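The next block is model-v1.cif, given as mmCIF, C-alpha atoms and all ligand atoms.
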data_final
#
loop_
_atom_site.label_atom_id
_atom_site.label_comp_id
_atom_site.auth_asym_id
_atom_site.auth_seq_id
_atom_site.Cartn_x
_atom_site.Cartn_y
_atom_site.Cartn_z
CA MET U 106 103.64 83.43 109.21
CA ALA U 107 106.46 83.96 106.72
CA GLN U 108 109.43 83.06 108.86
CA PRO U 109 112.76 81.61 107.85
CA SER U 110 113.36 78.00 108.80
CA SER U 111 115.91 75.42 107.84
CA GLN U 112 113.67 72.41 108.39
CA ASP U 113 115.30 70.06 105.91
CA GLY U 114 118.66 71.83 105.87
CA VAL U 115 118.14 73.38 102.43
CA LEU U 116 119.47 76.74 103.62
CA ASP U 117 122.60 74.99 104.89
CA ARG U 118 123.09 73.35 101.49
CA ARG U 119 122.41 76.60 99.66
CA ARG U 120 124.23 79.30 101.58
CA ARG U 121 125.62 81.30 98.70
CA VAL U 122 123.22 83.16 96.42
CA ALA U 123 124.01 85.17 93.30
CA VAL U 124 121.46 87.88 92.61
CA ILE U 125 121.74 89.05 88.99
CA GLY U 126 120.06 92.40 88.37
CA ALA U 127 119.29 94.66 91.34
CA GLY U 128 116.30 96.72 90.27
CA THR U 129 112.89 96.59 91.94
CA ILE U 130 112.82 92.81 92.22
CA GLY U 131 116.50 91.90 92.58
CA ALA U 132 117.16 94.37 95.40
CA SER U 133 114.15 93.08 97.29
CA TRP U 134 115.20 89.42 96.89
CA ALA U 135 118.73 90.39 97.97
CA ALA U 136 117.36 91.96 101.18
CA LEU U 137 115.34 88.84 101.98
CA PHE U 138 118.24 86.45 101.30
CA ALA U 139 120.61 88.54 103.46
CA ALA U 140 118.06 88.80 106.27
CA ALA U 141 117.78 85.00 106.20
CA GLY U 142 121.55 84.82 106.87
CA LEU U 143 122.60 83.74 103.36
CA GLU U 144 125.74 85.06 101.66
CA VAL U 145 124.53 87.24 98.83
CA ARG U 146 126.57 88.53 95.91
CA VAL U 147 124.80 90.94 93.65
CA HIS U 148 125.79 91.87 90.12
CA ASP U 149 124.19 94.76 88.24
CA PRO U 150 126.18 97.02 85.87
CA SER U 151 124.30 100.10 87.05
CA GLU U 152 126.62 102.44 88.96
CA ASP U 153 124.14 103.12 91.73
CA THR U 154 123.70 99.43 92.65
CA PRO U 155 125.23 99.75 96.16
CA ALA U 156 123.04 102.79 96.87
CA ARG U 157 119.94 100.96 95.60
CA LEU U 158 120.71 97.91 97.73
CA ASP U 159 121.17 100.15 100.73
CA SER U 160 117.96 102.05 100.14
CA MET U 161 115.99 98.81 99.65
CA TRP U 162 117.54 97.41 102.83
CA GLN U 163 116.45 100.49 104.80
CA GLN U 164 112.91 100.06 103.48
CA ALA U 165 112.75 96.29 103.89
CA ALA U 166 114.52 95.78 107.24
CA PRO U 167 111.56 96.80 109.48
CA VAL U 168 109.22 94.59 107.46
CA LEU U 169 111.68 91.70 107.55
CA ALA U 170 112.06 92.11 111.32
CA ASP U 171 108.26 91.94 111.69
CA LEU U 172 108.32 88.76 109.62
CA GLY U 173 110.89 87.15 111.94
CA PHE U 174 114.09 87.73 109.96
CA ASP U 175 117.40 89.21 111.10
CA PRO U 176 117.35 92.99 110.50
CA SER U 177 120.93 93.58 111.67
CA ASP U 178 123.37 95.36 109.34
CA PRO U 179 123.88 92.99 106.39
CA ALA U 180 127.27 94.41 105.31
CA ASP U 181 129.07 91.09 105.86
CA ARG U 182 126.37 89.07 104.03
CA LEU U 183 125.31 91.36 101.19
CA GLN U 184 127.90 92.48 98.65
CA ALA U 185 127.67 94.18 95.26
CA VAL U 186 130.35 92.76 92.96
CA GLY U 187 131.81 94.18 89.75
CA SER U 188 131.51 91.20 87.42
CA LEU U 189 128.99 88.54 86.61
CA GLU U 190 131.62 85.85 87.05
CA GLU U 191 132.45 87.03 90.56
CA ALA U 192 128.78 86.82 91.53
CA LEU U 193 128.39 83.34 90.04
CA GLU U 194 131.60 81.82 91.45
CA GLY U 195 130.64 79.24 94.09
CA ALA U 196 126.92 80.11 93.97
CA ASP U 197 124.47 77.47 95.17
CA VAL U 198 121.51 79.50 93.89
CA VAL U 199 121.32 82.06 91.08
CA GLN U 200 118.23 84.29 91.21
CA GLU U 201 118.01 86.25 87.94
CA ASN U 202 116.24 89.63 87.91
CA GLY U 203 117.70 91.40 84.90
CA PRO U 204 115.97 93.03 81.94
CA GLU U 205 112.88 91.27 80.59
CA ASP U 206 114.75 90.39 77.40
CA VAL U 207 115.13 86.81 76.27
CA ARG U 208 118.58 87.46 74.73
CA PHE U 209 119.90 88.66 78.09
CA LYS U 210 118.51 85.65 79.94
CA ARG U 211 119.79 83.14 77.36
CA GLN U 212 123.28 84.57 77.53
CA LEU U 213 123.27 84.61 81.32
CA TRP U 214 122.33 80.93 81.62
CA ALA U 215 124.82 79.88 78.95
CA THR U 216 127.54 81.60 81.02
CA ALA U 217 126.23 80.42 84.38
CA GLU U 218 126.23 76.74 83.47
CA GLN U 219 129.98 76.96 82.82
CA ILE U 220 130.66 78.40 86.29
CA VAL U 221 128.24 77.10 88.91
CA ARG U 222 128.01 73.55 90.21
CA ALA U 223 125.81 71.09 88.31
CA ASP U 224 123.06 71.01 90.94
CA ALA U 225 122.94 74.77 91.54
CA LEU U 226 119.47 76.28 91.37
CA LEU U 227 119.24 78.52 88.29
CA VAL U 228 116.03 80.48 88.74
CA SER U 229 114.59 83.41 86.82
CA SER U 230 112.21 85.96 88.37
CA THR U 231 110.74 86.66 84.92
CA SER U 232 107.11 87.68 84.71
CA GLY U 233 106.66 86.03 81.36
CA ILE U 234 109.66 84.50 79.54
CA ARG U 235 109.31 80.72 79.74
CA ALA U 236 112.23 78.71 81.12
CA SER U 237 112.20 76.65 77.92
CA ALA U 238 112.81 79.87 75.93
CA GLN U 239 115.55 81.01 78.32
CA SER U 240 117.53 77.76 78.17
CA LYS U 241 117.93 77.65 74.36
CA GLU U 242 121.68 78.34 74.36
CA MET U 243 122.59 75.97 77.21
CA ASN U 244 124.34 72.64 76.85
CA ASP U 245 122.12 71.19 79.58
CA ARG U 246 118.59 72.60 79.26
CA SER U 247 117.32 70.68 82.29
CA ARG U 248 118.90 73.16 84.70
CA VAL U 249 116.74 76.30 84.51
CA LEU U 250 113.33 77.12 85.92
CA VAL U 251 111.24 80.16 86.76
CA GLY U 252 110.73 81.36 90.35
CA HIS U 253 108.32 84.23 89.75
CA PRO U 254 107.75 86.38 92.84
CA PHE U 255 105.08 88.94 93.53
CA ASN U 256 106.31 92.44 94.24
CA PRO U 257 107.88 93.01 96.72
CA PRO U 258 109.45 89.54 97.02
CA HIS U 259 110.73 90.22 100.54
CA LEU U 260 107.13 90.56 101.72
CA VAL U 261 104.57 88.81 99.52
CA PRO U 262 104.52 85.04 100.13
CA LEU U 263 103.75 83.71 96.64
CA VAL U 264 106.47 82.37 94.36
CA GLU U 265 105.25 80.67 91.18
CA VAL U 266 107.71 77.88 90.40
CA VAL U 267 107.40 77.18 86.68
CA PRO U 268 109.65 74.46 85.23
CA ALA U 269 110.16 73.88 81.51
CA PRO U 270 109.08 70.42 80.35
CA GLU U 271 112.76 69.46 80.37
CA THR U 272 113.60 70.85 83.86
CA ARG U 273 114.84 68.14 86.23
CA ASN U 274 112.24 67.20 88.86
CA GLU U 275 114.75 67.28 91.69
CA LEU U 276 115.52 70.94 90.90
CA VAL U 277 111.82 71.77 91.06
CA ASP U 278 111.60 70.08 94.47
CA GLU U 279 114.74 71.84 95.65
CA ALA U 280 113.45 75.26 94.51
CA VAL U 281 110.20 74.65 96.39
CA ALA U 282 112.15 73.63 99.52
CA PHE U 283 114.45 76.66 99.21
CA TYR U 284 111.63 79.21 98.91
CA ARG U 285 109.59 77.51 101.63
CA ALA U 286 112.57 77.63 104.00
CA LEU U 287 112.62 81.39 103.36
CA GLY U 288 109.02 81.65 104.54
CA LYS U 289 107.61 81.95 101.01
CA ARG U 290 104.64 80.04 99.66
CA PRO U 291 105.98 78.40 96.48
CA LEU U 292 103.44 76.80 94.15
CA VAL U 293 104.32 74.77 91.09
CA VAL U 294 102.62 75.84 87.86
CA ARG U 295 102.31 72.75 85.66
CA LYS U 296 102.31 74.35 82.18
CA GLU U 297 104.36 77.25 80.83
CA VAL U 298 101.36 79.46 79.95
CA PRO U 299 101.93 83.19 79.27
CA GLY U 300 101.55 85.23 82.48
CA PHE U 301 101.67 82.05 84.57
CA VAL U 302 98.66 82.11 86.95
CA ALA U 303 98.67 85.15 89.25
CA ASN U 304 99.32 87.68 86.47
CA ARG U 305 96.61 86.14 84.28
CA LEU U 306 94.14 86.58 87.12
CA GLN U 307 95.37 90.11 87.75
CA SER U 308 95.06 90.91 84.07
CA ALA U 309 91.51 89.58 83.81
CA LEU U 310 90.36 91.70 86.75
CA PHE U 311 92.30 94.80 85.70
CA ARG U 312 90.75 94.65 82.23
CA GLU U 313 87.30 94.98 83.80
CA CYS U 314 88.57 97.71 86.19
CA VAL U 315 89.76 99.79 83.23
CA HIS U 316 86.47 99.20 81.41
CA LEU U 317 84.34 100.28 84.40
CA VAL U 318 86.41 103.45 84.95
CA ALA U 319 86.61 104.35 81.24
CA ASP U 320 82.87 103.82 80.92
CA GLY U 321 82.20 106.20 83.84
CA VAL U 322 80.54 103.52 86.00
CA VAL U 323 82.87 104.26 88.92
CA ASP U 324 86.04 106.27 89.49
CA ILE U 325 89.47 104.92 90.46
CA ALA U 326 89.18 105.90 94.14
CA ASP U 327 85.81 104.18 94.56
CA LEU U 328 86.81 101.14 92.52
CA ASP U 329 89.85 100.59 94.76
CA GLN U 330 87.62 100.78 97.83
CA ILE U 331 85.09 98.39 96.32
CA VAL U 332 87.88 95.85 95.91
CA THR U 333 89.61 96.30 99.29
CA ALA U 334 86.29 96.29 101.18
CA SER U 335 85.08 93.06 99.57
CA LEU U 336 87.15 90.93 97.22
CA GLY U 337 90.53 91.85 98.71
CA LEU U 338 89.44 90.93 102.22
CA ARG U 339 87.69 87.78 101.04
CA TRP U 340 90.58 86.61 98.90
CA ALA U 341 93.17 87.17 101.64
CA THR U 342 91.42 84.41 103.58
CA GLY U 343 90.08 82.09 100.90
CA GLY U 344 90.58 81.96 97.15
CA PRO U 345 87.78 82.35 94.59
CA PHE U 346 86.81 78.66 94.73
CA LEU U 347 86.63 78.42 98.52
CA SER U 348 84.73 81.72 98.56
CA PHE U 349 82.06 80.39 96.20
CA HIS U 350 82.02 77.06 98.04
CA LEU U 351 80.94 79.09 101.08
CA GLY U 352 78.68 81.25 98.87
CA GLY U 353 76.68 78.09 98.09
CA GLY U 354 75.66 77.64 101.75
CA PRO U 355 75.34 74.07 103.00
CA GLY U 356 75.30 72.80 99.39
CA GLY U 357 78.72 74.33 98.78
CA LEU U 358 80.15 74.91 95.31
CA PRO U 359 77.88 72.35 93.57
CA HIS U 360 74.80 74.27 94.76
CA PHE U 361 76.42 77.64 93.94
CA LEU U 362 77.15 76.50 90.37
CA ARG U 363 73.57 75.28 89.82
CA HIS U 364 71.94 78.25 91.50
CA LEU U 365 74.10 81.25 90.51
CA GLY U 366 76.42 79.73 87.91
CA PRO U 367 74.19 80.43 84.87
CA GLY U 368 73.88 84.13 85.84
CA MET U 369 77.61 84.38 86.29
CA GLU U 370 78.26 82.66 82.97
CA SER U 371 75.87 85.06 81.22
CA MET U 372 78.04 87.97 82.47
CA TRP U 373 81.18 86.57 80.81
CA GLY U 374 79.90 87.59 77.39
CA ILE U 375 79.21 91.20 78.41
CA LEU U 376 82.42 92.04 80.28
CA GLY U 377 84.36 94.98 78.89
CA ASP U 378 87.09 94.81 76.26
CA PRO U 379 88.82 98.19 76.79
CA ARG U 380 91.89 99.52 75.00
CA LEU U 381 94.73 101.44 76.64
CA ASP U 382 94.45 104.17 74.00
CA GLN U 383 95.58 107.75 74.66
CA ASP U 384 92.18 108.95 75.94
CA THR U 385 91.95 106.08 78.40
CA VAL U 386 95.53 106.53 79.61
CA ASP U 387 94.89 110.29 80.09
CA LEU U 388 91.74 109.57 82.07
CA LEU U 389 93.50 107.04 84.31
CA GLU U 390 96.38 109.48 84.88
CA ARG U 391 94.00 112.26 85.93
CA GLN U 392 92.07 110.02 88.27
CA ILE U 393 95.12 108.41 89.91
CA ALA U 394 96.51 111.88 90.62
CA SER U 395 93.25 112.98 92.14
CA ALA U 396 92.88 109.78 94.22
CA TYR U 397 96.45 109.45 95.53
CA GLY U 398 98.43 112.46 94.29
CA ASP U 399 98.65 114.01 97.76
CA SER U 400 100.86 111.14 99.00
CA SER U 401 104.33 110.20 97.78
CA ILE U 402 104.87 106.76 96.29
CA GLU U 403 107.26 106.06 99.17
CA SER U 404 104.69 106.78 101.84
CA LEU U 405 102.08 104.71 99.98
CA GLU U 406 104.59 101.84 99.79
CA ARG U 407 105.31 102.10 103.51
CA ARG U 408 101.60 102.00 104.32
CA ARG U 409 101.09 99.05 101.96
CA ASP U 410 103.96 97.15 103.61
CA ARG U 411 102.70 97.83 107.15
CA GLN U 412 99.18 96.78 106.29
CA GLN U 413 100.24 93.65 104.42
CA VAL U 414 102.45 92.58 107.35
CA SER U 415 99.45 93.09 109.67
CA VAL U 416 97.30 90.90 107.43
CA LEU U 417 99.97 88.17 107.35
CA GLN U 418 100.33 88.31 111.13
CA ALA U 419 96.57 88.16 111.65
CA LEU U 420 96.24 85.21 109.29
CA SER U 421 99.04 83.34 110.97
CA SER U 422 97.45 83.76 114.39
CA SER U 423 94.16 82.27 113.14
CA ARG U 424 95.25 79.71 110.60
CA ALA U 425 92.57 79.24 107.94
CA PRO U 426 90.66 75.94 107.93
CA ASP U 427 91.66 75.07 104.36
CA SER U 428 95.03 73.85 105.54
CA ARG U 429 95.53 71.78 102.37
CA ALA U 430 95.16 74.85 100.16
CA GLN U 431 97.17 77.03 102.55
CA PRO U 432 99.94 74.83 103.92
CA ALA U 433 101.81 75.97 106.98
CA GLU U 434 104.63 78.22 105.93
CA GLY U 435 108.19 77.96 106.97
N1 LIG K 1 108.50 94.71 88.75
C1 LIG K 1 107.68 93.72 89.03
O1 LIG K 1 106.59 93.93 89.58
C2 LIG K 1 108.09 92.30 88.74
C3 LIG K 1 107.41 91.27 89.44
C4 LIG K 1 107.83 89.95 89.25
C5 LIG K 1 108.85 89.66 88.35
N2 LIG K 1 109.47 90.67 87.67
C6 LIG K 1 110.58 90.29 86.76
O2 LIG K 1 111.80 90.57 87.42
C7 LIG K 1 112.80 90.93 86.46
C8 LIG K 1 113.35 92.31 86.83
O3 LIG K 1 112.30 93.24 86.81
P1 LIG K 1 112.40 94.63 87.60
O4 LIG K 1 111.01 95.16 87.69
O5 LIG K 1 113.19 94.45 88.85
O6 LIG K 1 113.21 95.50 86.55
P2 LIG K 1 114.19 96.74 86.82
O7 LIG K 1 114.27 97.46 85.54
O8 LIG K 1 113.77 97.46 88.05
O9 LIG K 1 115.58 96.01 87.12
C9 LIG K 1 116.35 95.39 86.12
C10 LIG K 1 117.79 95.55 86.52
O10 LIG K 1 118.60 94.80 85.63
C11 LIG K 1 119.82 95.52 85.54
N3 LIG K 1 120.61 95.07 84.39
C12 LIG K 1 120.66 95.58 83.14
N4 LIG K 1 121.55 94.91 82.41
C13 LIG K 1 122.08 93.95 83.22
C14 LIG K 1 123.09 92.95 83.05
N5 LIG K 1 123.71 92.78 81.89
N6 LIG K 1 123.40 92.18 84.11
C15 LIG K 1 122.76 92.31 85.31
N7 LIG K 1 121.82 93.24 85.52
C16 LIG K 1 121.46 94.05 84.49
C17 LIG K 1 119.40 96.98 85.45
O11 LIG K 1 120.48 97.85 85.77
C18 LIG K 1 118.28 96.99 86.48
O12 LIG K 1 118.76 97.37 87.76
C19 LIG K 1 112.12 90.92 85.09
O13 LIG K 1 112.41 89.69 84.45
C20 LIG K 1 110.64 91.03 85.44
O14 LIG K 1 109.81 90.41 84.49
C21 LIG K 1 109.13 91.99 87.86
#

Show me the file's structure as structure tokens.
Amino acid sequence: MAQPSSQDGVLDRRRRVAVIGAGTIGASWAALFAAAGLEVRVHDPSEDTPARLDSMWQQAAPVLADLGFDPSDPADRLQAVGSLEEALEGADVVQENGPEDVRFKRQLWATAEQIVRADALLVSSTSGIRASAQSKEMNDRSRVLVGHPFNPPHLVPLVEVVPAPETRNELVDEAVAFYRALGKRPLVVRKEVPGFVANRLQSALFRECVHLVADGVVDIADLDQIVTASLGLRWATGGPFLSFHLGGGPGGLPHFLRHLGPGMESMWGILGDPRLDQDTVDLLERQIASAYGDSSIESLERRRDRQQVSVLQALSSSRAPDSRAQPAEG
């Protein structure tokens, strides 16, 4: 289960965290860091930053409590500050969550390296801007890496740790230790490919979802149920490869690939190649309103959070057999 731990003392070495940018992702990271007892300074020029942090805290605290974190009032640990420099001063970790704009990120790291200690963790939450592109204006380009969370970071275990070729190995190890101590499941992605891994997978599946809906094969409401009642359940317990290893019966994946592999491969050529043109967007908008329009986004988020916590708790009480692929958290 995603619980904080300080096994190798990494949270004692890295007590002060600067969170830069407090939108969807930054506010969620800030809540997690504060609930883990770290000292968090947040910088975001938006005037409503304190209100956003507060609202995220209210939403996240029950979830964080269920996950084993401290849900008590974080006022003494979580502070919005007026300048970037104030947030960076004395930081052991900088988690960047600003605009998805390479110029912003380059400027931030060029400033940060002048202020924070040489072995501070400089990590970007970016969904797609490589660390090697972000570090271009730094004197020491070995200092930055990507720590890409899945939304919301205070709840979903995965963090894709994506170093640039020049990132120092010890910083990669330290980032992995830091996230693991926070109950996350950090995984190192070995090449800086666009979309990293999880978003590429998501994109591949979503492309076919859009095709099937646009082609009238199934509507949005039924497609979502088809996924949650089969693939979602299956993939919460074993990834695609383990699932097909089991799909091959006693012969495992080798048998599966011989027996059903050719049929699967023949499908690859006929999968859809939809466009998000105006007609398709209009269709998706109509169907999403009809499927979920009766509920507010907030109530859907609350239900999602409750259900995902239940899944995490259930999985932790019956640890999966593939312990190498799913290492103990914490
Ligand atoms: N939304 C997601 O699902 C998701 C998931 C994983 C990673 N990410 C990545 O996280 C980062 C943030 O995304 P988001 O969805 O939270 O965006 P967002 O628009 O919700 O938040 C961005 C925040 O940056 C702030 N900002 C603007 N200028 C700034 C500055 N000069 N200094 C500090 N803050 C500034 C904005 O006020 C805003 O609050 C992006 O790099 C994105 O790729 C997003």

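Counting from atom CA of U:Asn202, the distance to atom O9 of ligand LIG 1 (chain K) is 6.5 Å.
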
Return as a PyMOL selection string the residues of protein, DNA or RNA that approach ligand LIG 1 (chain K) to within 9 Å, with all atoms listed in the file taken into account. chain U and resi 124-133+147-154+157+188-189+201-206+209-210+213+229-234+252-258

Would you kindly return, as a ChimeraX atom specification, each protein, DNA or RNA residue with an atom no farther than 6 Å from any atom of stretch 263-274 of chain U, considering only C-alpha atoms and excluding same-chain residues fewer than 3 positions away? /U:236-237,247-248,250-254,277,290-294

As an exercise, work out the distance from atom CA of U:Ala238 to atom CA of U:Gln200 in Å and give it to one decimal place.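 A separation of 16.8 Å between them.
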
List as a PyMOL selection string the protein and nucleic acid residues near U:Glu313, meaning an atom at most 10 Å away when only C-alpha atoms are counted, but skip any in the same chain fewer than 5 places from it. chain U and resi 308+318-319+376-379

Take the selection from the previous step and output its residues with C-alpha atoms, as a PDB file, keeping the file's coordinate frame.
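Full text of selection.pdb as output:
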ATOM      1  CA  SER U 308      95.060  90.910  84.070  1.00  0.00           C
ATOM      2  CA  VAL U 318      86.410 103.450  84.950  1.00  0.00           C
ATOM      3  CA  ALA U 319      86.610 104.350  81.240  1.00  0.00           C
ATOM      4  CA  LEU U 376      82.420  92.040  80.280  1.00  0.00           C
ATOM      5  CA  GLY U 377      84.360  94.980  78.890  1.00  0.00           C
ATOM      6  CA  ASP U 378      87.090  94.810  76.260  1.00  0.00           C
ATOM      7  CA  PRO U 379      88.820  98.190  76.790  1.00  0.00           C
TER       8      PRO U 379
END

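Here atom CA of U:Ile393 stands at a distance of 15.0 Å from atom CA of U:Leu381.
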
Between U:Val315, U:Met243, U:Val302, U:Ala280, which one has atoms that come closest to U:Arg211, using only C-alpha atoms?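 That would be U:Met243, the residue with the smallest distance to U:Arg211.
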
Exercise: stretch 397-404 of chain U partners within 9 Å, all atoms listed in the file, chain neighbours under 5 positions left out, as a ChimeraX atom specification: /U:326,392,409

Kindly save the residues from that selection, with C-alpha atoms included, as a PDB file, in the coordinates of the input.
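Final file, selection-v9.pdb:
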ATOM      1  CA  ALA U 326      89.180 105.900  94.140  1.00  0.00           C
ATOM      2  CA  GLN U 392      92.070 110.020  88.270  1.00  0.00           C
ATOM      3  CA  ARG U 409     101.090  99.050 101.960  1.00  0.00           C
TER       4      ARG U 409
END

Please determine, counting all atoms listed in the file, which residue among U:Phe301, U:Ala341, U:Glu275, U:Leu362 has the shortest atom-to-atom distance to U:Ala419.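 Closest to U:Ala419 of all the choices is U:Ala341.
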
Selected residue, from U:Ala396, U:Leu260, U:Leu351, U:Ala192, that lies nearest to U:Gly173 when counting all atoms listed in the file: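 Of U:Ala396, U:Leu260, U:Leu351, U:Ala192, the one nearest U:Gly173 is U:Leu260, counting all atoms listed in the file.
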
Measuring atom to atom with only C-alpha atoms, identify which of U:Asp117, U:Val145, U:Ala309, U:Asp224 is nearest to U:Val186. U:Val145

Nearest-residue call for U:Val416, choices U:Asp329, U:Asp171, U:Glu242, U:Asp324, using all atoms listed in the file: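 Comparing U:Asp329, U:Asp171, U:Glu242, U:Asp324 against U:Val416, the winner is U:Asp171.
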
Counting all atoms listed in the file, figure out which residue out of U:Leu169, U:Leu137, U:Leu389, U:Ala123 gets nearest to U:Ala217.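 Ranked by minimum distance to U:Ala217, first place goes to U:Ala123.
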